[in-house]
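**Student:** Contents of my_file-v2.cif (mmCIF, C-alpha atoms) are given next:
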```
data_data
loop_
_atom_site.label_atom_id
_atom_site.label_comp_id
_atom_site.auth_asym_id
_atom_site.auth_seq_id
_atom_site.Cartn_x
_atom_site.Cartn_y
_atom_site.Cartn_z
CA MET A 136 64.68 114.51 57.53
CA ALA A 137 61.68 112.23 57.66
CA ASP A 138 64.14 109.38 57.79
CA TYR A 139 63.71 108.40 61.40
CA LYS A 140 61.48 106.44 63.71
CA VAL A 141 61.18 106.54 67.47
CA VAL A 142 59.18 105.30 70.40
CA THR A 143 59.64 108.04 72.96
CA SER A 144 58.77 105.86 75.93
CA GLU A 145 61.87 103.78 75.14
CA LEU A 146 63.88 106.97 74.97
CA ARG A 147 62.69 107.93 78.43
CA LYS A 148 63.59 104.49 79.77
CA GLU A 149 67.05 104.96 78.33
CA ALA A 150 67.31 108.35 80.02
CA LYS A 151 66.51 106.73 83.35
CA LEU A 152 69.43 104.32 82.92
CA TRP A 153 71.79 107.27 82.79
CA GLN A 154 70.22 108.77 85.86
CA GLU A 155 70.92 105.50 87.65
CA LYS A 156 74.51 105.51 86.43
CA ALA A 157 74.99 108.99 87.83
CA ASP A 158 73.70 107.75 91.19
CA LYS A 159 76.02 104.75 91.07
CA ALA A 160 79.03 106.87 90.14
CA GLU A 161 78.68 109.20 93.15
CA PRO A 162 79.91 106.65 95.74
CA ILE A 163 82.83 105.75 93.47
CA VAL A 164 83.96 109.38 93.50
CA GLN A 165 83.81 109.17 97.28
CA ALA A 166 85.78 105.90 97.29
CA VAL A 167 88.53 107.48 95.22
CA ALA A 168 88.63 110.46 97.58
CA GLU A 169 89.24 108.00 100.42
CA THR A 170 92.27 106.42 98.76
CA TYR A 171 94.31 109.47 99.81
CA LEU A 172 97.70 108.45 101.18
CA THR A 173 100.30 110.50 103.01
CA ALA A 174 104.00 110.21 102.17
CA PRO A 175 104.84 108.10 105.29
CA ALA A 176 102.28 105.53 104.12
CA PHE A 177 104.57 104.19 101.45
CA PHE A 178 107.34 102.59 103.50
CA VAL A 179 107.89 101.35 107.06
CA GLY A 180 111.60 101.47 106.44
CA ASP A 181 113.92 104.17 107.68
CA LEU A 182 115.26 105.44 104.37
CA MET A 183 117.38 108.02 106.17
CA THR A 184 119.24 105.45 108.27
CA LEU A 185 119.45 102.98 105.42
CA GLY A 186 120.51 105.70 103.01
CA ALA A 187 118.67 104.17 100.09
CA GLY A 188 116.23 105.72 97.68
CA ILE A 189 115.50 108.81 99.75
CA VAL A 190 116.09 111.18 96.85
CA ASN A 191 112.84 110.60 95.03
CA ALA A 192 110.64 108.92 97.62
CA GLN A 193 108.83 112.06 98.79
CA LEU A 194 108.31 113.30 95.26
CA GLU A 195 107.06 109.99 93.97
CA ALA A 196 104.66 109.54 96.87
CA GLY A 197 103.30 112.98 95.98
CA GLN A 198 102.74 111.92 92.40
CA TYR A 199 100.37 109.23 93.59
CA GLU A 200 98.21 112.01 95.00
CA ASP A 201 98.24 113.76 91.59
CA PHE A 202 96.98 110.57 90.01
CA ARG A 203 94.35 110.00 92.69
CA ALA A 204 93.06 113.55 92.27
CA PHE A 205 93.02 113.06 88.50
CA ILE A 206 90.81 109.96 88.74
CA GLU A 207 88.55 111.67 91.26
CA ASN A 208 88.17 114.63 88.91
CA VAL A 209 87.52 112.40 85.89
CA LEU A 210 84.80 110.48 87.74
CA ARG A 211 83.23 113.70 88.96
CA GLY A 212 83.01 114.62 85.29
CA ALA A 213 81.30 111.28 84.64
CA VAL A 214 78.57 112.05 87.18
CA THR A 215 77.91 115.41 85.50
CA GLU A 216 77.90 113.84 82.06
CA PHE A 217 75.56 110.99 83.00
CA ASN A 218 73.11 113.50 84.44
CA GLN A 219 73.33 115.61 81.31
CA ILE A 220 72.73 112.64 79.03
CA ASP A 221 69.62 111.85 81.05
CA VAL A 222 68.36 115.41 80.56
CA ALA A 223 69.31 115.47 76.86
CA LEU A 224 67.46 112.24 76.11
CA ARG A 225 64.35 113.43 77.90
CA ARG A 226 64.44 116.74 76.06
CA ILE A 227 64.78 114.90 72.77
CA ALA A 228 61.82 112.70 73.72
CA ASP A 229 59.77 115.79 74.55
CA GLU A 230 60.68 117.36 71.24
CA TYR A 231 59.68 114.23 69.32
CA ASP A 232 56.35 114.18 71.12
CA ARG A 233 55.82 117.85 70.33
CA THR A 234 56.91 118.08 66.69
CA GLU A 235 57.46 114.53 65.58
CA SER A 236 60.76 115.61 64.06
CA VAL A 237 64.22 116.44 65.30
CA ASN A 238 66.50 117.94 62.70
CA GLU A 239 70.25 118.42 62.55
CA ILE A 240 70.24 121.90 64.06
CA ASP A 241 68.17 120.70 66.95
CA LEU A 242 70.73 117.99 67.72
CA ALA A 243 73.39 120.57 68.48
CA LYS A 244 70.93 122.23 70.79
CA PHE A 245 70.08 119.07 72.67
CA TYR A 246 73.66 118.00 73.16
CA SER A 247 74.63 121.17 74.94
CA ALA A 248 73.65 121.91 78.49
CA MET B 134 85.09 91.94 103.73
CA SER B 135 88.04 93.06 101.70
CA GLY B 136 90.78 90.83 100.38
CA SER B 137 93.42 92.83 102.21
CA GLY B 138 93.17 90.59 105.29
CA GLU B 139 95.84 88.09 104.37
CA MET B 140 98.32 90.75 103.33
CA LEU B 141 97.66 92.72 106.52
CA ASN B 142 98.25 89.61 108.61
CA LEU B 143 101.65 89.12 107.03
CA PHE B 144 102.48 92.74 107.65
CA GLU B 145 101.26 92.70 111.25
CA ARG B 146 103.28 89.59 111.99
CA GLY B 147 106.43 91.68 111.69
CA PHE B 148 105.17 94.06 114.34
CA GLN B 149 104.08 91.40 116.80
CA GLY B 150 106.18 91.74 119.92
CA LEU B 151 108.66 93.95 118.10
CA GLU B 152 108.65 96.67 120.73
CA ASP B 153 108.81 94.06 123.49
CA LYS B 154 111.86 92.58 121.83
CA ALA B 155 113.48 96.00 121.70
CA ARG B 156 112.75 96.54 125.38
CA GLU B 157 114.12 93.11 126.23
CA CYS B 158 117.32 93.87 124.32
CA GLY B 159 117.69 97.16 126.18
CA ASP B 160 117.06 95.55 129.57
CA LYS B 161 119.52 92.74 128.96
CA PHE B 162 122.19 95.15 127.79
CA ASN B 163 121.67 97.45 130.78
CA ALA B 164 121.82 94.50 133.18
CA GLY B 165 125.11 93.48 131.58
CA VAL B 166 126.53 96.99 131.91
CA HIS B 167 125.49 97.13 135.59
CA HIS B 168 127.12 93.80 136.23
CA ILE B 169 130.36 94.99 134.62
CA ASN B 170 130.27 98.22 136.62
CA ASP B 171 129.95 96.22 139.84
CA TRP B 172 133.23 94.53 139.00
CA ARG B 173 135.05 97.39 137.28
CA PHE B 174 137.78 97.70 139.90
CA VAL B 175 138.45 94.01 139.90
CA LEU B 176 138.43 94.00 136.12
CA GLY B 177 140.97 96.84 136.18
CA PRO B 178 142.95 97.04 132.93
CA ALA B 179 140.55 94.60 131.22
CA MET B 180 138.10 97.54 131.11
CA LEU B 181 140.23 99.07 128.36
CA ALA B 182 139.17 96.26 126.04
CA ILE B 183 135.65 96.01 127.40
CA ARG B 184 134.69 99.68 126.80
CA PRO B 185 135.04 99.78 122.98
CA ALA B 186 133.29 96.40 122.76
CA LEU B 187 130.38 97.82 124.77
CA ASP B 188 130.30 100.81 122.42
CA THR B 189 129.97 98.46 119.45
CA ILE B 190 127.07 96.69 121.12
CA ARG B 191 125.42 100.00 122.10
CA ASP B 192 125.74 101.34 118.54
CA GLY B 193 124.14 98.19 117.18
CA LEU B 194 121.26 98.45 119.65
CA GLU B 195 120.72 102.11 118.82
CA LYS B 196 120.51 101.29 115.13
CA LEU B 197 117.96 98.58 115.85
CA PHE B 198 115.91 100.92 118.07
CA GLN B 199 115.97 103.64 115.44
CA LEU B 200 114.72 101.26 112.74
CA ILE B 201 111.97 99.97 115.02
CA ARG B 202 110.94 103.51 115.98
CA THR B 203 110.50 104.53 112.33
CA ALA B 204 108.65 101.31 111.55
CA VAL B 205 106.23 101.88 114.42
CA GLU B 206 105.64 105.48 113.35
CA HIS B 207 104.81 104.34 109.82
CA HIS B 208 102.86 101.29 110.94
CA MET B 209 99.31 102.62 110.59
CA PRO B 210 99.93 104.70 107.46
CA VAL B 211 101.33 101.64 105.69
CA VAL B 212 98.33 99.62 106.84
CA SER B 213 96.19 102.17 105.03
CA LEU B 214 98.33 101.75 101.91
CA ILE B 215 97.64 98.01 101.95
CA VAL B 216 93.92 98.61 102.49
CA GLN B 217 93.78 101.19 99.70
CA SER B 218 95.56 98.93 97.25
CA PHE B 219 92.59 96.58 97.58
CA ASN B 220 90.01 99.37 97.65
CA TRP B 221 91.10 100.48 94.19
CA ILE B 222 89.93 97.08 92.98
CA GLU B 223 86.91 96.54 95.19
CA ASP B 224 85.48 100.03 95.62
CA VAL B 225 86.64 101.65 92.40
CA GLN B 226 87.37 99.24 89.56
CA ALA B 227 84.49 96.82 90.14
CA PRO B 228 81.76 99.48 90.43
CA VAL B 229 83.25 101.46 87.53
CA ASN B 230 82.91 98.36 85.35
CA GLY B 231 79.28 98.27 86.45
CA LEU B 232 78.72 101.67 84.83
CA THR B 233 79.29 100.27 81.32
CA HIS B 234 76.27 101.02 79.22
CA GLN B 235 74.79 97.78 77.91
CA LYS B 236 73.16 98.73 74.65
CA THR B 237 71.11 95.57 74.80
CA THR B 238 69.49 96.34 78.16
CA THR B 239 66.73 98.24 76.37
CA PHE B 240 65.21 97.86 72.95
CA LEU B 241 65.96 101.45 72.11
CA ALA B 242 68.02 100.48 69.07
CA ASN B 243 64.92 98.87 67.61
CA TYR B 244 62.74 101.87 68.33
CA TRP B 245 64.98 104.79 67.51
CA GLU B 246 66.67 105.33 64.19
CA GLY B 247 67.97 108.25 62.23
CA PRO B 248 70.67 110.89 62.67
CA ALA B 249 69.70 111.70 66.26
CA ALA B 250 69.91 108.04 67.17
CA SER B 251 73.33 107.56 65.62
CA ALA B 252 74.60 110.74 67.27
CA TYR B 253 73.51 109.21 70.56
CA ALA B 254 75.14 105.84 69.78
CA GLU B 255 78.48 107.56 69.14
CA ARG B 256 78.26 109.30 72.46
CA VAL B 257 77.51 106.04 74.25
CA THR B 258 80.63 104.49 72.72
CA ALA B 259 82.79 107.36 73.98
CA GLN B 260 81.29 107.01 77.46
CA ASN B 261 81.94 103.26 77.51
CA ASP B 262 85.50 103.77 76.32
CA ALA B 263 86.10 106.20 79.16
CA ILE B 264 84.63 103.74 81.66
CA GLY B 265 86.98 101.06 80.36
CA ALA B 266 89.94 103.45 80.58
CA VAL B 267 89.26 104.36 84.21
CA SER B 268 88.83 100.70 85.10
CA THR B 269 92.23 99.85 83.61
CA LYS B 270 93.85 102.72 85.49
CA ALA B 271 92.32 101.65 88.81
CA ASP B 272 93.76 98.21 88.22
CA GLY B 273 97.17 99.68 87.38
CA VAL B 274 97.43 101.83 90.49
CA SER B 275 96.25 98.94 92.65
CA LYS B 276 99.01 96.69 91.29
CA TRP B 277 101.57 99.40 91.91
CA LEU B 278 100.46 99.85 95.52
CA MET B 279 100.46 96.09 96.10
CA ASP B 280 104.01 95.85 94.83
CA ILE B 281 105.01 98.53 97.32
CA ALA B 282 103.07 96.75 100.06
CA LYS B 283 104.99 93.56 99.30
CA TYR B 284 108.34 95.24 100.05
CA ASN B 285 106.95 96.65 103.28
CA ILE B 286 106.07 93.13 104.36
CA GLU B 287 109.52 91.85 103.39
CA TYR B 288 111.09 94.68 105.32
CA MET B 289 109.11 93.97 108.49
CA THR B 290 109.96 90.27 108.29
CA GLU B 291 113.65 91.17 108.09
CA LEU B 292 113.45 93.73 110.89
CA ALA B 293 111.72 91.21 113.17
CA LYS B 294 114.46 88.71 112.35
CA MET B 295 117.09 91.31 113.25
CA ALA B 296 115.48 92.00 116.64
CA THR B 297 115.20 88.27 117.37
CA GLY B 298 118.85 87.86 116.41
CA PHE B 299 119.86 90.59 118.85
CA ILE B 300 117.99 88.94 121.71
CA GLY B 301 119.55 85.60 120.84
CA ALA B 302 123.04 87.10 120.94
CA LEU B 303 122.40 88.87 124.25
CA VAL B 304 120.98 85.72 125.82
CA THR B 305 123.89 83.61 124.58
CA ALA B 306 126.46 86.06 125.90
CA ALA B 307 124.65 86.40 129.27
CA ILE B 308 127.02 89.12 130.43
CA GLU B 309 124.79 89.89 133.41
CA GLY B 310 125.58 86.43 134.83
CA ALA B 311 129.17 86.03 133.73
CA SER B 312 131.98 85.49 136.23
CA VAL B 313 134.64 88.17 136.54
CA VAL B 314 136.99 86.01 134.53
CA GLY B 315 134.30 85.37 131.92
CA ILE B 316 133.18 89.00 131.44
CA PRO B 317 135.88 90.14 128.98
CA PHE B 318 135.31 87.11 126.76
CA ALA B 319 131.52 87.38 126.92
CA VAL B 320 131.64 91.06 125.96
CA LYS B 321 134.08 90.42 123.14
CA ASP B 322 131.98 87.57 121.77
CA LEU B 323 128.80 89.62 122.01
CA ALA B 324 130.36 92.59 120.24
CA GLY B 325 131.42 90.27 117.44
CA ALA B 326 128.00 88.67 117.19
CA ILE B 327 126.17 92.02 117.21
CA GLY B 328 128.58 93.47 114.67
CA THR B 329 127.91 90.59 112.29
CA LEU B 330 124.16 90.82 112.86
CA VAL B 331 124.11 94.56 112.16
CA THR B 332 126.12 94.17 108.97
CA GLN B 333 123.99 91.32 107.66
CA SER B 334 120.64 92.80 108.66
CA LEU B 335 121.44 96.24 107.30
CA ASP B 336 122.61 94.67 104.08
CA ASN B 337 119.30 92.89 103.70
CA LEU B 338 117.26 95.91 104.77
CA VAL B 339 119.10 98.21 102.39
CA GLY B 340 118.49 95.67 99.63
CA ILE B 341 114.77 95.66 100.37
CA ALA B 342 114.72 99.47 100.61
CA LYS B 343 116.36 99.68 97.19
CA ARG B 344 113.83 97.32 95.65
CA PHE B 345 111.09 99.33 97.33
CA ALA B 346 112.50 102.54 95.83
CA GLU B 347 112.54 100.90 92.43
CA ALA B 348 108.91 99.79 92.77
CA LEU B 349 107.96 103.28 93.95
CA SER B 350 109.68 104.89 90.97
CA LYS B 351 107.30 103.00 88.70
CA VAL B 352 104.97 105.86 89.59
CA ARG B 353 106.11 107.04 86.17
CA ASP B 354 103.81 104.46 84.63
CA ILE B 355 101.01 105.78 86.82
CA MET B 356 101.71 109.34 85.74
CA SER B 357 101.67 108.34 82.08
CA MET B 358 98.18 106.93 82.61
CA MET B 359 97.02 110.49 83.14
CA THR B 360 97.28 111.08 79.40
CA ASP B 361 94.68 109.10 77.52
CA GLY B 362 92.77 109.86 74.34
CA LYS B 363 89.73 108.25 75.88
CA LEU B 364 89.79 110.89 78.61
CA PRO B 365 90.20 114.07 76.56
CA GLU B 366 91.97 116.94 78.29
CA ARG B 367 92.35 114.84 81.42
CA GLY B 368 88.63 114.78 81.90
CA TRP B 369 85.54 112.78 81.16
CA PRO B 370 84.42 112.79 77.48
CA GLN B 371 81.60 115.25 77.05
CA ALA B 372 78.46 113.81 75.52
CA VAL B 373 76.66 117.03 76.26
CA SER B 374 78.87 120.07 75.95
CA GLY B 375 78.83 122.59 78.75
#
```
Show how you would write the structure in this file as structure tokens.

**Tutor:**
Amino acid sequence: MADYKVVTSELRKEAKLWQEKADKAEPIVQAVAETYLTAPAFFVGDLMTLGAGIVNAQLEAGQYEDFRAFIENVLRGAVTEFNQIDVALRRIADEYDRTESVNEIDLAKFYSA
Amino acid sequence: MSGSGEMLNLFERGFQGLEDKARECGDKFNAGVHHINDWRFVLGPAMLAIRPALDTIRDGLEKLFQLIRTAVEHHMPVVSLIVQSFNWIEDVQAPVNGLTHQKTTTFLANYWEGPAASAYAERVTAQNDAIGAVSTKADGVSKWLMDIAKYNIEYMTELAKMATGFIGALVTAAIEGASVVGIPFAVKDLAGAIGTLVTQSLDNLVGIAKRFAEALSKVRDIMSMMTDGKLPERGWPQAVSG
């Protein structure tokens, strides 16, 4: 396992990029939260009086909310992950500085929170 | 500023003066009814023909008022739908694209090699794939909302046309100023005109409502976007487990 080379300062710079991504992703999560729409937001028309398409309208409007919540949840996961990558890279850098070697078993350790 | 301005303008145009038009229709009709009532004894047996004609006109007006009432109730919520359709592009998709990890931003690739480095590179690829996937989905949901917004605008344009048509018919008939001899004819003509307007307008509105319902039902495509190998188990790919 001597088959590696590394400049740890570059590794730390890389870690910082992920920290910045996490910071940039936060407001996007907020933006997705704000795209919430109520069922009446989908049509100005009086579907009852017009007697058209009322069967599924409520249900389908509700499915939008499922999707919105899904994206919000996914992006929340992104924030967590970006932060964890930042930490993992810095821990790897520390380990290189300490031992000048990171072996396979260590990898599993670094890529778990 | 957001790009929703133009679309909102088109939408708002339908609402401009809509409630005033409804009020004007109501006032004109009431004035006509008062005028007829003033002459009811002179009109005598002619009232037998006038009453059902007035009912036709009243029914038509009530339909119009009902449609306007619902539209006004949904006015602001639909405005937010139009705004959100653009926000998915401007506040979600664009910044999500900005998260893409540019491997060339740093010289890490030149300074880090070996199994640990390649394990990292794989994780970066998975993260970028997920970023791309979310970006595509934001675009998809935005398009879907815009399609729905389009039918809302069409609907408002048609409803405004219907209200204007009603006023036109009431003004033309001018029951409130008709002579006793003219009243039965004016009422009959108006009932005919309103009846035609209601049939035509409702036809068009139902057509738009149906197309709206069809656009809305494409939510299926949105739902199917919730399953994506790039977002394992409906979540963000884990680079670091736990």

**Student:** Taking only C-alpha atoms into account, what are the residues of chain B at most 6 Å from chain A, put as a list in words?

**Tutor:**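 For chain B, the answer reads Leu200, Thr203, Ala204, His207, Pro210, Val211, Leu214, Gln217, Val225, Leu232, Leu241, Tyr244, Trp245, Glu246, Gly247, Asn285, Val339, Lys343, Ala346, Gly368, Trp369, Val373, Ser374 and Gly375 of chain B.
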
**Student:** Measure the distance from CA of Phe345 (chain B) to CA of Asp280 (chain B) in Å and round it to one decimal.

**Tutor:**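 The value is 8.3 Å.
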
**Student:** What does the distance between CA of Gln199 (chain B) and CA of Asp153 (chain B) come to in Å, to one decimal place?

**Tutor:**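 One can read the CA of Gln199 (chain B) to CA of Asp153 (chain B) distance as 14.4 Å.
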
**Student:** May I ask which of the residues B:Ala227, B:Leu187, B:Ala242, B:Ala293 is the closest one to Ile264 (chain B), counting all atoms listed in the file?

**Tutor:**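 The answer is B:Ala227, which sits nearest to Ile264 (chain B).
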
**Student:** Using Å and a single decimal, report how far CA of Trp221 (chain B) sits from CA of Arg344 (chain B).

**Tutor:**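 Atom-to-atom, CA of Arg344 (chain B) and CA of Trp221 (chain B) are spaced 23.0 Å apart.
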
**Student:** So, with only C-alpha atoms as the atoms that count, which of B:Gln149, B:Asn163, B:Ser218, B:Asn170 lies closest to Val274 (chain B)?

**Tutor:**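 Ranking B:Gln149, B:Asn163, B:Ser218, B:Asn170 by distance to Val274 (chain B), first place goes to B:Ser218.
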
**Student:** If we count all atoms listed in the file, what is near Phe219 (chain B) at a cut-off of 12 Å, once residues fewer than 3 positions away on the same chain are taken out, given as a short mmCIF file (atom, residue, chain, number, x, y, z; two decimals) with C-alpha atoms, in the frame of the given file?

**Tutor:**
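Generated file (out-v4.cif):
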```
data_model
loop_
_atom_site.label_atom_id
_atom_site.label_comp_id
_atom_site.auth_asym_id
_atom_site.auth_seq_id
_atom_site.Cartn_x
_atom_site.Cartn_y
_atom_site.Cartn_z
CA ALA A 166 85.78 105.90 97.29
CA VAL A 167 88.53 107.48 95.22
CA THR A 170 92.27 106.42 98.76
CA MET B 134 85.09 91.94 103.73
CA SER B 135 88.04 93.06 101.70
CA GLY B 136 90.78 90.83 100.38
CA SER B 137 93.42 92.83 102.21
CA GLY B 138 93.17 90.59 105.29
CA GLU B 139 95.84 88.09 104.37
CA MET B 140 98.32 90.75 103.33
CA LEU B 141 97.66 92.72 106.52
CA VAL B 212 98.33 99.62 106.84
CA SER B 213 96.19 102.17 105.03
CA LEU B 214 98.33 101.75 101.91
CA ILE B 215 97.64 98.01 101.95
CA VAL B 216 93.92 98.61 102.49
CA ILE B 222 89.93 97.08 92.98
CA GLU B 223 86.91 96.54 95.19
CA ASP B 224 85.48 100.03 95.62
CA VAL B 225 86.64 101.65 92.40
CA GLN B 226 87.37 99.24 89.56
CA ALA B 227 84.49 96.82 90.14
CA ALA B 271 92.32 101.65 88.81
CA ASP B 272 93.76 98.21 88.22
CA GLY B 273 97.17 99.68 87.38
CA VAL B 274 97.43 101.83 90.49
CA SER B 275 96.25 98.94 92.65
CA LYS B 276 99.01 96.69 91.29
CA TRP B 277 101.57 99.40 91.91
CA LEU B 278 100.46 99.85 95.52
CA MET B 279 100.46 96.09 96.10
CA ASP B 280 104.01 95.85 94.83
CA ALA B 282 103.07 96.75 100.06
#
```

**Student:** Using all atoms listed in the file, pick whichever of B:Thr360, B:Gln371, B:Ser312, B:Thr290 has the shortest atom-to-atom distance to Ile341 (chain B).

**Tutor:** B:Thr290

**Student:** Can you give me, as an MDAnalysis selection string, the residues this file yields under the PyMOL selection byres ((chain B and resi 307-309) around 8)?

**Tutor:** chainID B and resid 161 164:169 303:306 310:311 316 319:320

**Student:** Find the axis-aligned box for region 296-311 of chain B, covering all its listed atoms and adding 3 Å on each side, and write its centre and edge lengths in Å to one decimal as lines of an AutoDock Vina configuration file.

**Tutor:**
```
center_x = 122.2
center_y = 87.8
center_z = 125.6
size_x = 20.0
size_y = 14.4
size_z = 24.4
```
